[in-house]
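Data file: upload-v3.pdb. Format and content: PDB, N, CA and C atoms.
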```pdb
MODEL        1
ATOM      1  N   MET V 296     108.999 109.602 114.641
ATOM      2  CA  MET V 296     108.002 110.451 114.008
ATOM      3  C   MET V 296     106.745 109.614 113.764
ATOM      4  N   PRO V 297     105.575 110.074 114.219
ATOM      5  CA  PRO V 297     104.339 109.330 114.005
ATOM      6  C   PRO V 297     103.978 109.263 112.523
ATOM      7  N   VAL V 298     103.379 108.165 112.135
ATOM      8  CA  VAL V 298     102.950 107.975 110.759
ATOM      9  C   VAL V 298     101.429 107.877 110.753
ATOM     10  N   SER V 299     100.815 108.465 109.752
ATOM     11  CA  SER V 299      99.366 108.446 109.647
ATOM     12  C   SER V 299      98.968 107.935 108.272
ATOM     13  N   THR V 300      97.925 107.140 108.226
ATOM     14  CA  THR V 300      97.375 106.675 106.962
ATOM     15  C   THR V 300      96.044 107.357 106.751
ATOM     16  N   VAL V 301      95.882 107.942 105.567
ATOM     17  CA  VAL V 301      94.672 108.682 105.247
ATOM     18  C   VAL V 301      94.144 108.186 103.906
ATOM     19  N   LYS V 302      92.824 107.940 103.832
ATOM     20  CA  LYS V 302      92.216 107.601 102.553
ATOM     21  C   LYS V 302      92.248 108.864 101.702
ATOM     22  N   PHE V 303      92.761 108.748 100.499
ATOM     23  CA  PHE V 303      92.987 109.916  99.652
ATOM     24  C   PHE V 303      92.306 109.694  98.318
ATOM     25  N   ASP V 304      91.301 110.506  98.000
ATOM     26  CA  ASP V 304      90.502 110.323  96.792
ATOM     27  C   ASP V 304      91.104 110.982  95.553
ATOM     28  N   LEU V 305      92.181 111.698  95.707
ATOM     29  CA  LEU V 305      92.740 112.451  94.578
ATOM     30  C   LEU V 305      94.059 111.854  94.088
ATOM     31  N   GLN V 306      94.155 110.522  94.083
ATOM     32  CA  GLN V 306      95.389 109.861  93.655
ATOM     33  C   GLN V 306      95.803 110.278  92.245
ATOM     34  N   ASP V 307      94.837 110.329  91.320
ATOM     35  CA  ASP V 307      95.161 110.702  89.941
ATOM     36  C   ASP V 307      95.720 112.120  89.886
ATOM     37  N   ASP V 308      95.115 113.028  90.649
ATOM     38  CA  ASP V 308      95.602 114.414  90.673
ATOM     39  C   ASP V 308      97.005 114.484  91.264
ATOM     40  N   LEU V 309      97.245 113.699  92.305
ATOM     41  CA  LEU V 309      98.563 113.690  92.934
ATOM     42  C   LEU V 309      99.611 113.162  91.957
ATOM     43  N   GLU V 310      99.265 112.116  91.226
ATOM     44  CA  GLU V 310     100.204 111.565  90.245
ATOM     45  C   GLU V 310     100.465 112.548  89.111
ATOM     46  N   GLU V 311      99.428 113.279  88.702
ATOM     47  CA  GLU V 311      99.613 114.295  87.666
ATOM     48  C   GLU V 311     100.525 115.411  88.179
ATOM     49  N   LEU V 312     100.312 115.840  89.417
ATOM     50  CA  LEU V 312     101.171 116.867  90.009
ATOM     51  C   LEU V 312     102.605 116.374  90.102
ATOM     52  N   GLN V 313     102.773 115.128  90.485
ATOM     53  CA  GLN V 313     104.102 114.529  90.587
ATOM     54  C   GLN V 313     104.796 114.562  89.220
ATOM     55  N   ALA V 314     104.083 114.205  88.174
ATOM     56  CA  ALA V 314     104.658 114.200  86.825
ATOM     57  C   ALA V 314     104.980 115.618  86.355
ATOM     58  N   ARG V 315     104.065 116.554  86.610
ATOM     59  CA  ARG V 315     104.310 117.937  86.195
ATOM     60  C   ARG V 315     105.511 118.537  86.914
ATOM     61  N   LEU V 316     105.625 118.241  88.211
ATOM     62  CA  LEU V 316     106.778 118.742  88.959
ATOM     63  C   LEU V 316     108.075 118.185  88.397
ATOM     64  N   TYR V 317     108.044 116.920  88.023
ATOM     65  CA  TYR V 317     109.254 116.331  87.435
ATOM     66  C   TYR V 317     109.598 117.014  86.112
ATOM     67  N   LEU V 318     108.592 117.216  85.270
ATOM     68  CA  LEU V 318     108.844 117.855  83.976
ATOM     69  C   LEU V 318     109.393 119.272  84.140
ATOM     70  N   ASP V 319     108.885 120.009  85.132
ATOM     71  CA  ASP V 319     109.313 121.392  85.322
ATOM     72  C   ASP V 319     110.616 121.535  86.092
ATOM     73  N   THR V 320     110.924 120.578  86.970
ATOM     74  CA  THR V 320     112.105 120.718  87.827
ATOM     75  C   THR V 320     113.181 119.669  87.578
ATOM     76  N   ARG V 321     112.802 118.590  86.908
ATOM     77  CA  ARG V 321     113.680 117.435  86.701
ATOM     78  C   ARG V 321     114.100 116.806  88.027
ATOM     79  N   LYS V 322     113.279 116.995  89.057
ATOM     80  CA  LYS V 322     113.504 116.363  90.359
ATOM     81  C   LYS V 322     112.369 115.396  90.613
ATOM     82  N   ARG V 323     112.716 114.184  91.046
ATOM     83  CA  ARG V 323     111.704 113.187  91.370
ATOM     84  C   ARG V 323     111.326 113.326  92.837
ATOM     85  N   LEU V 324     110.087 113.711  93.064
ATOM     86  CA  LEU V 324     109.591 113.833  94.426
ATOM     87  C   LEU V 324     108.616 112.694  94.693
ATOM     88  N   SER V 325     108.710 112.121  95.870
ATOM     89  CA  SER V 325     107.751 111.089  96.249
ATOM     90  C   SER V 325     106.404 111.757  96.529
ATOM     91  N   LYS V 326     105.356 110.957  96.533
ATOM     92  CA  LYS V 326     104.032 111.500  96.862
ATOM     93  C   LYS V 326     104.041 112.070  98.276
ATOM     94  N   LYS V 327     104.753 111.416  99.167
ATOM     95  CA  LYS V 327     104.862 111.896 100.550
ATOM     96  C   LYS V 327     105.513 113.273 100.575
ATOM     97  N   GLU V 328     106.592 113.447  99.827
ATOM     98  CA  GLU V 328     107.278 114.745  99.791
ATOM     99  C   GLU V 328     106.369 115.837  99.227
ATOM    100  N   ILE V 329     105.599 115.488  98.194
ATOM    101  CA  ILE V 329     104.689 116.474  97.599
ATOM    102  C   ILE V 329     103.607 116.863  98.587
ATOM    103  N   LEU V 330     103.011 115.877  99.260
ATOM    104  CA  LEU V 330     101.962 116.180 100.235
ATOM    105  C   LEU V 330     102.498 117.009 101.392
ATOM    106  N   GLU V 331     103.722 116.727 101.835
ATOM    107  CA  GLU V 331     104.323 117.532 102.909
ATOM    108  C   GLU V 331     104.556 118.963 102.441
ATOM    109  N   LEU V 332     104.998 119.122 101.201
ATOM    110  CA  LEU V 332     105.218 120.453 100.643
ATOM    111  C   LEU V 332     103.905 121.215 100.531
ATOM    112  N   VAL V 333     102.880 120.551 100.008
ATOM    113  CA  VAL V 333     101.568 121.186  99.868
ATOM    114  C   VAL V 333     101.021 121.557 101.245
ATOM    115  N   PHE V 334     101.183 120.677 102.221
ATOM    116  CA  PHE V 334     100.709 120.965 103.577
ATOM    117  C   PHE V 334     101.436 122.182 104.146
ATOM    118  N   ARG V 335     102.753 122.240 103.969
ATOM    119  CA  ARG V 335     103.530 123.369 104.486
ATOM    120  C   ARG V 335     103.102 124.679 103.823
ATOM    121  N   ILE V 336     102.884 124.644 102.511
ATOM    122  CA  ILE V 336     102.426 125.838 101.793
ATOM    123  C   ILE V 336     101.035 126.235 102.281
ATOM    124  N   GLY V 337     100.165 125.230 102.477
ATOM    125  CA  GLY V 337      98.819 125.512 102.979
ATOM    126  C   GLY V 337      98.844 126.105 104.370
ATOM    127  N   LYS V 338      99.746 125.612 105.199
ATOM    128  CA  LYS V 338      99.866 126.123 106.566
ATOM    129  C   LYS V 338     100.312 127.591 106.552
ATOM    130  N   GLU V 339     101.177 127.919 105.608
ATOM    131  CA  GLU V 339     101.659 129.298 105.485
ATOM    132  C   GLU V 339     100.598 130.214 104.885
ATOM    133  N   ASN V 340      99.602 129.633 104.219
ATOM    134  CA  ASN V 340      98.536 130.400 103.576
ATOM    135  C   ASN V 340      97.183 130.034 104.178
ATOM    136  N   TYR V 341      97.128 129.986 105.480
ATOM    137  CA  TYR V 341      95.947 129.549 106.211
ATOM    138  C   TYR V 341      94.707 130.358 105.837
ATOM    139  N   ASP V 342      94.854 131.664 105.655
ATOM    140  CA  ASP V 342      93.711 132.514 105.320
ATOM    141  C   ASP V 342      93.066 132.089 104.003
ATOM    142  N   LEU V 343      93.879 131.651 103.055
ATOM    143  CA  LEU V 343      93.348 131.174 101.780
ATOM    144  C   LEU V 343      92.511 129.912 101.985
ATOM    145  N   ILE V 344      92.964 129.028 102.852
ATOM    146  CA  ILE V 344      92.219 127.812 103.155
ATOM    147  C   ILE V 344      90.889 128.169 103.807
ATOM    148  N   VAL V 345      90.905 129.108 104.736
ATOM    149  CA  VAL V 345      89.675 129.540 105.404
ATOM    150  C   VAL V 345      88.692 130.100 104.380
ATOM    151  N   ARG V 346      89.172 130.919 103.455
ATOM    152  CA  ARG V 346      88.289 131.488 102.428
ATOM    153  C   ARG V 346      87.681 130.391 101.559
ATOM    154  N   GLU V 347      88.462 129.395 101.196
ATOM    155  CA  GLU V 347      87.955 128.284 100.381
ATOM    156  C   GLU V 347      86.873 127.520 101.125
ATOM    157  N   VAL V 348      87.095 127.265 102.402
ATOM    158  CA  VAL V 348      86.116 126.535 103.204
ATOM    159  C   VAL V 348      84.836 127.355 103.330
ATOM    160  N   GLN V 349      84.969 128.642 103.581
ATOM    161  CA  GLN V 349      83.801 129.499 103.750
ATOM    162  C   GLN V 349      83.030 129.704 102.454
ATOM    163  N   SER V 350      83.720 129.625 101.323
ATOM    164  CA  SER V 350      83.040 129.850 100.047
ATOM    165  C   SER V 350      82.190 128.657  99.639
ATOM    166  N   GLY V 351      82.408 127.522 100.286
ATOM    167  CA  GLY V 351      81.604 126.345  99.981
ATOM    168  C   GLY V 351      82.000 125.658  98.698
ATOM    169  N   ASP V 352      83.193 125.910  98.209
ATOM    170  CA  ASP V 352      83.645 125.312  96.955
ATOM    171  C   ASP V 352      84.257 123.924  97.134
ATOM    172  N   ILE V 353      84.065 123.335  98.293
ATOM    173  CA  ILE V 353      84.608 122.002  98.518
ATOM    174  C   ILE V 353      83.660 121.005  97.854
ATOM    175  N   PRO V 354      84.163 120.183  96.934
ATOM    176  CA  PRO V 354      83.282 119.258  96.225
ATOM    177  C   PRO V 354      82.698 118.197  97.158
ATOM    178  N   LEU V 355      81.516 117.734  96.826
ATOM    179  CA  LEU V 355      80.876 116.688  97.604
ATOM    180  C   LEU V 355      81.533 115.349  97.308
ATOM    181  N   SER V 356      81.610 114.506  98.317
ATOM    182  CA  SER V 356      82.159 113.167  98.119
ATOM    183  C   SER V 356      81.158 112.325  97.343
ATOM    184  N   ASP V 357      81.640 111.245  96.724
ATOM    185  CA  ASP V 357      80.752 110.341  95.990
ATOM    186  C   ASP V 357      79.675 109.781  96.914
ATOM    187  N   GLU V 358      80.045 109.477  98.148
ATOM    188  CA  GLU V 358      79.081 108.933  99.098
ATOM    189  C   GLU V 358      77.974 109.942  99.396
ATOM    190  N   THR V 359      78.354 111.206  99.591
ATOM    191  CA  THR V 359      77.361 112.246  99.863
ATOM    192  C   THR V 359      76.434 112.424  98.664
ATOM    193  N   ILE V 360      76.981 112.394  97.467
ATOM    194  CA  ILE V 360      76.173 112.527  96.261
ATOM    195  C   ILE V 360      75.180 111.371  96.159
ATOM    196  N   ARG V 361      75.639 110.144  96.438
ATOM    197  CA  ARG V 361      74.739 108.977  96.415
ATOM    198  C   ARG V 361      73.617 109.141  97.437
ATOM    199  N   GLU V 362      73.968 109.628  98.631
ATOM    200  CA  GLU V 362      72.943 109.829  99.669
ATOM    201  C   GLU V 362      71.904 110.859  99.227
ATOM    202  N   ILE V 363      72.362 111.933  98.612
ATOM    203  CA  ILE V 363      71.445 112.971  98.145
ATOM    204  C   ILE V 363      70.542 112.426  97.047
ATOM    205  N   LEU V 364      71.128 111.687  96.101
ATOM    206  CA  LEU V 364      70.332 111.133  95.011
ATOM    207  C   LEU V 364      69.327 110.105  95.509
ATOM    208  N   SER V 365      69.659 109.410  96.582
ATOM    209  CA  SER V 365      68.726 108.413  97.111
ATOM    210  C   SER V 365      67.501 109.074  97.738
ATOM    211  N   LEU V 366      67.567 110.358  98.004
ATOM    212  CA  LEU V 366      66.436 111.084  98.582
ATOM    213  C   LEU V 366      65.417 111.506  97.525
ATOM    214  N   ALA V 367      65.809 111.398  96.250
ATOM    215  CA  ALA V 367      64.926 111.842  95.169
ATOM    216  C   ALA V 367      63.641 111.027  95.159
ATOM    217  N   GLU V 368      62.559 111.699  94.835
ATOM    218  CA  GLU V 368      61.260 111.042  94.766
ATOM    219  C   GLU V 368      60.709 111.175  93.360
ATOM    220  N   ASP V 369      59.887 110.207  92.967
ATOM    221  CA  ASP V 369      59.194 110.285  91.690
ATOM    222  C   ASP V 369      58.033 111.251  91.869
ATOM    223  N   LEU V 370      58.049 112.341  91.122
ATOM    224  CA  LEU V 370      57.009 113.347  91.257
ATOM    225  C   LEU V 370      55.851 113.121  90.299
ATOM    226  N   GLY V 371      55.872 111.998  89.615
ATOM    227  CA  GLY V 371      54.749 111.646  88.760
ATOM    228  C   GLY V 371      54.902 112.127  87.337
ATOM    229  N   PRO V 372      53.811 111.963  86.523
ATOM    230  CA  PRO V 372      53.851 112.344  85.108
ATOM    231  C   PRO V 372      54.194 113.816  84.937
ATOM    232  N   GLY V 373      55.023 114.095  83.941
ATOM    233  CA  GLY V 373      55.422 115.469  83.651
ATOM    234  C   GLY V 373      56.638 115.938  84.427
ATOM    235  N   SER V 374      57.083 115.151  85.413
ATOM    236  CA  SER V 374      58.211 115.582  86.235
ATOM    237  C   SER V 374      59.527 115.527  85.477
ATOM    238  N   GLU V 375      59.536 114.798  84.337
ATOM    239  CA  GLU V 375      60.777 114.747  83.555
ATOM    240  C   GLU V 375      61.141 116.117  82.999
ATOM    241  N   ASP V 376      60.179 117.015  82.864
ATOM    242  CA  ASP V 376      60.451 118.368  82.381
ATOM    243  C   ASP V 376      60.888 119.304  83.506
ATOM    244  N   LEU V 377      60.767 118.842  84.738
ATOM    245  CA  LEU V 377      61.083 119.672  85.891
ATOM    246  C   LEU V 377      62.545 120.088  85.906
ATOM    247  N   SER V 378      63.448 119.173  85.544
ATOM    248  CA  SER V 378      64.876 119.469  85.576
ATOM    249  C   SER V 378      65.223 120.639  84.671
ATOM    250  N   SER V 379      64.711 120.622  83.440
ATOM    251  CA  SER V 379      65.016 121.729  82.528
ATOM    252  C   SER V 379      64.362 123.017  82.996
ATOM    253  N   SER V 380      63.184 122.927  83.616
ATOM    254  CA  SER V 380      62.536 124.122  84.157
ATOM    255  C   SER V 380      63.369 124.731  85.278
ATOM    256  N   VAL V 381      63.893 123.874  86.143
ATOM    257  CA  VAL V 381      64.741 124.351  87.236
ATOM    258  C   VAL V 381      65.998 124.986  86.656
ATOM    259  N   ASP V 382      66.619 124.342  85.661
ATOM    260  CA  ASP V 382      67.810 124.907  85.022
ATOM    261  C   ASP V 382      67.510 126.288  84.439
ATOM    262  N   ASP V 383      66.344 126.412  83.777
ATOM    263  CA  ASP V 383      65.974 127.715  83.190
ATOM    264  C   ASP V 383      65.848 128.782  84.268
ATOM    265  N   ILE V 384      65.222 128.422  85.379
ATOM    266  CA  ILE V 384      65.020 129.388  86.464
ATOM    267  C   ILE V 384      66.339 129.758  87.120
ATOM    268  N   VAL V 385      67.134 128.751  87.436
ATOM    269  CA  VAL V 385      68.384 128.981  88.168
ATOM    270  C   VAL V 385      69.450 129.626  87.294
ATOM    271  N   TYR V 386      69.589 129.109  86.058
ATOM    272  CA  TYR V 386      70.688 129.559  85.200
ATOM    273  C   TYR V 386      70.249 130.530  84.106
ATOM    274  N   GLY V 387      68.968 130.901  84.112
ATOM    275  CA  GLY V 387      68.493 131.901  83.143
ATOM    276  C   GLY V 387      68.405 131.384  81.733
ATOM    277  N   GLY V 388      67.904 130.185  81.572
ATOM    278  CA  GLY V 388      67.741 129.617  80.231
ATOM    279  C   GLY V 388      66.640 130.316  79.464
ATOM    280  N   SER V 389      66.358 129.787  78.298
ATOM    281  CA  SER V 389      65.358 130.429  77.427
ATOM    282  C   SER V 389      63.957 130.248  77.923
TER
ENDMDL
END
```

Here is a file; write its structure as structure tokens.
Amino acid sequence: MPVSTVKFDLQDDLEELQARLYLDTRKRLSKKEILELVFRIGKENYDLIVREVQSGDIPLSDETIREILSLAEDLGPGSEDLSSSVDDIVYGGS
């Protein structure tokens, strides 16, 4: 059986899931077993995965966020108020 190594950014979440599963089932599952189970469930619910991808709710990686922030420019005096103005417009502030 081929083995694959994948960088996984959700280690803390996986460990929390592992602990919760143990508390609820009293069965110790390895991280590998949990990931295989989640993958199998995801494969059976492919339409749900497609909807999640299409909705754009996939969080940005830290690297992508850093790249976006590096594009920011100093807009000069008074620009410090711009953020709250944008929040008011977008989120309907006062």

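In this structure, CA of Ser356 (chain V) sits 29.3 Å away from CA of Tyr317 (chain V).
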
With only C-alpha atoms as the basis for distance, which of V:Asn340, V:Leu318, V:Ser299, V:Asp304 is at the shortest distance from Glu358 (chain V)?
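Of the candidates, the smallest distance to Glu358 (chain V) is held by V:Asp304.
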
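CA of Ile360 (chain V) to CA of Leu309 (chain V) spans 22.7 Å [interatomic distance, one decimal].
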
Evaluate the PyMOL selection byres (((chain V and resi 327-338 and name CA) around 10) and name CA) here and jot the selected residues down as a PyMOL selection string.
chain V and resi 309-310+312-313+316+323-326+339-344

Any idea what the distance is between CA of Asp357 (chain V) and CA of Val345 (chain V)?
23.2 Å

Extract region 305-350 of chain V from the coordinates I pasted, and write it as a PDB file, in the first residue's frame (atoms kept: C-alpha atoms).
```
ATOM      1  CA  LEU V 305      -4.729  21.370  11.636  1.00  0.00           C
ATOM      2  CA  GLN V 306      -2.757  19.187  14.069  1.00  0.00           C
ATOM      3  CA  ASP V 307      -4.417  20.781  17.111  1.00  0.00           C
ATOM      4  CA  ASP V 308      -7.877  20.187  15.634  1.00  0.00           C
ATOM      5  CA  LEU V 309      -6.991  16.587  14.821  1.00  0.00           C
ATOM      6  CA  GLU V 310      -5.766  16.000  18.371  1.00  0.00           C
ATOM      7  CA  GLU V 311      -8.939  17.558  19.770  1.00  0.00           C
ATOM      8  CA  LEU V 312     -11.050  15.308  17.531  1.00  0.00           C
ATOM      9  CA  GLN V 313      -8.999  12.316  18.646  1.00  0.00           C
ATOM     10  CA  ALA V 314      -9.634  13.173  22.311  1.00  0.00           C
ATOM     11  CA  ARG V 315     -13.347  13.813  21.778  1.00  0.00           C
ATOM     12  CA  LEU V 316     -13.761  10.521  19.940  1.00  0.00           C
ATOM     13  CA  TYR V 317     -12.082   8.724  22.807  1.00  0.00           C
ATOM     14  CA  LEU V 318     -14.320  10.410  25.377  1.00  0.00           C
ATOM     15  CA  ASP V 319     -17.470   9.559  23.403  1.00  0.00           C
ATOM     16  CA  THR V 320     -16.555   6.028  22.299  1.00  0.00           C
ATOM     17  CA  ARG V 321     -13.836   4.902  24.723  1.00  0.00           C
ATOM     18  CA  LYS V 322     -11.920   3.699  21.650  1.00  0.00           C
ATOM     19  CA  ARG V 323      -8.407   4.930  20.944  1.00  0.00           C
ATOM     20  CA  LEU V 324      -8.064   5.788  17.288  1.00  0.00           C
ATOM     21  CA  SER V 325      -4.772   6.767  15.725  1.00  0.00           C
ATOM     22  CA  LYS V 326      -4.590  10.009  13.768  1.00  0.00           C
ATOM     23  CA  LYS V 327      -4.200   7.894  10.635  1.00  0.00           C
ATOM     24  CA  GLU V 328      -7.409   5.989  11.415  1.00  0.00           C
ATOM     25  CA  ILE V 329      -9.292   9.241  12.032  1.00  0.00           C
ATOM     26  CA  LEU V 330      -8.069  10.803   8.785  1.00  0.00           C
ATOM     27  CA  GLU V 331      -9.018   7.656   6.849  1.00  0.00           C
ATOM     28  CA  LEU V 332     -12.475   7.722   8.435  1.00  0.00           C
ATOM     29  CA  VAL V 333     -12.940  11.417   7.667  1.00  0.00           C
ATOM     30  CA  PHE V 334     -11.752  10.850   4.087  1.00  0.00           C
ATOM     31  CA  ARG V 335     -14.186   7.947   3.623  1.00  0.00           C
ATOM     32  CA  ILE V 336     -17.074  10.018   5.015  1.00  0.00           C
ATOM     33  CA  GLY V 337     -16.059  12.930   2.775  1.00  0.00           C
ATOM     34  CA  LYS V 338     -15.926  10.653  -0.248  1.00  0.00           C
ATOM     35  CA  GLU V 339     -19.453   9.455   0.519  1.00  0.00           C
ATOM     36  CA  ASN V 340     -20.602  13.085   0.858  1.00  0.00           C
ATOM     37  CA  TYR V 341     -18.858  14.506  -2.192  1.00  0.00           C
ATOM     38  CA  ASP V 342     -21.668  16.980  -2.947  1.00  0.00           C
ATOM     39  CA  LEU V 343     -21.167  18.586   0.463  1.00  0.00           C
ATOM     40  CA  ILE V 344     -17.468  19.055  -0.288  1.00  0.00           C
ATOM     41  CA  VAL V 345     -18.308  20.635  -3.652  1.00  0.00           C
ATOM     42  CA  ARG V 346     -20.728  23.060  -1.968  1.00  0.00           C
ATOM     43  CA  GLU V 347     -18.080  24.049   0.598  1.00  0.00           C
ATOM     44  CA  VAL V 348     -15.513  24.683  -2.126  1.00  0.00           C
ATOM     45  CA  GLN V 349     -17.973  26.703  -4.202  1.00  0.00           C
ATOM     46  CA  SER V 350     -19.096  28.778  -1.227  1.00  0.00           C
TER      47      SER V 350
END
```
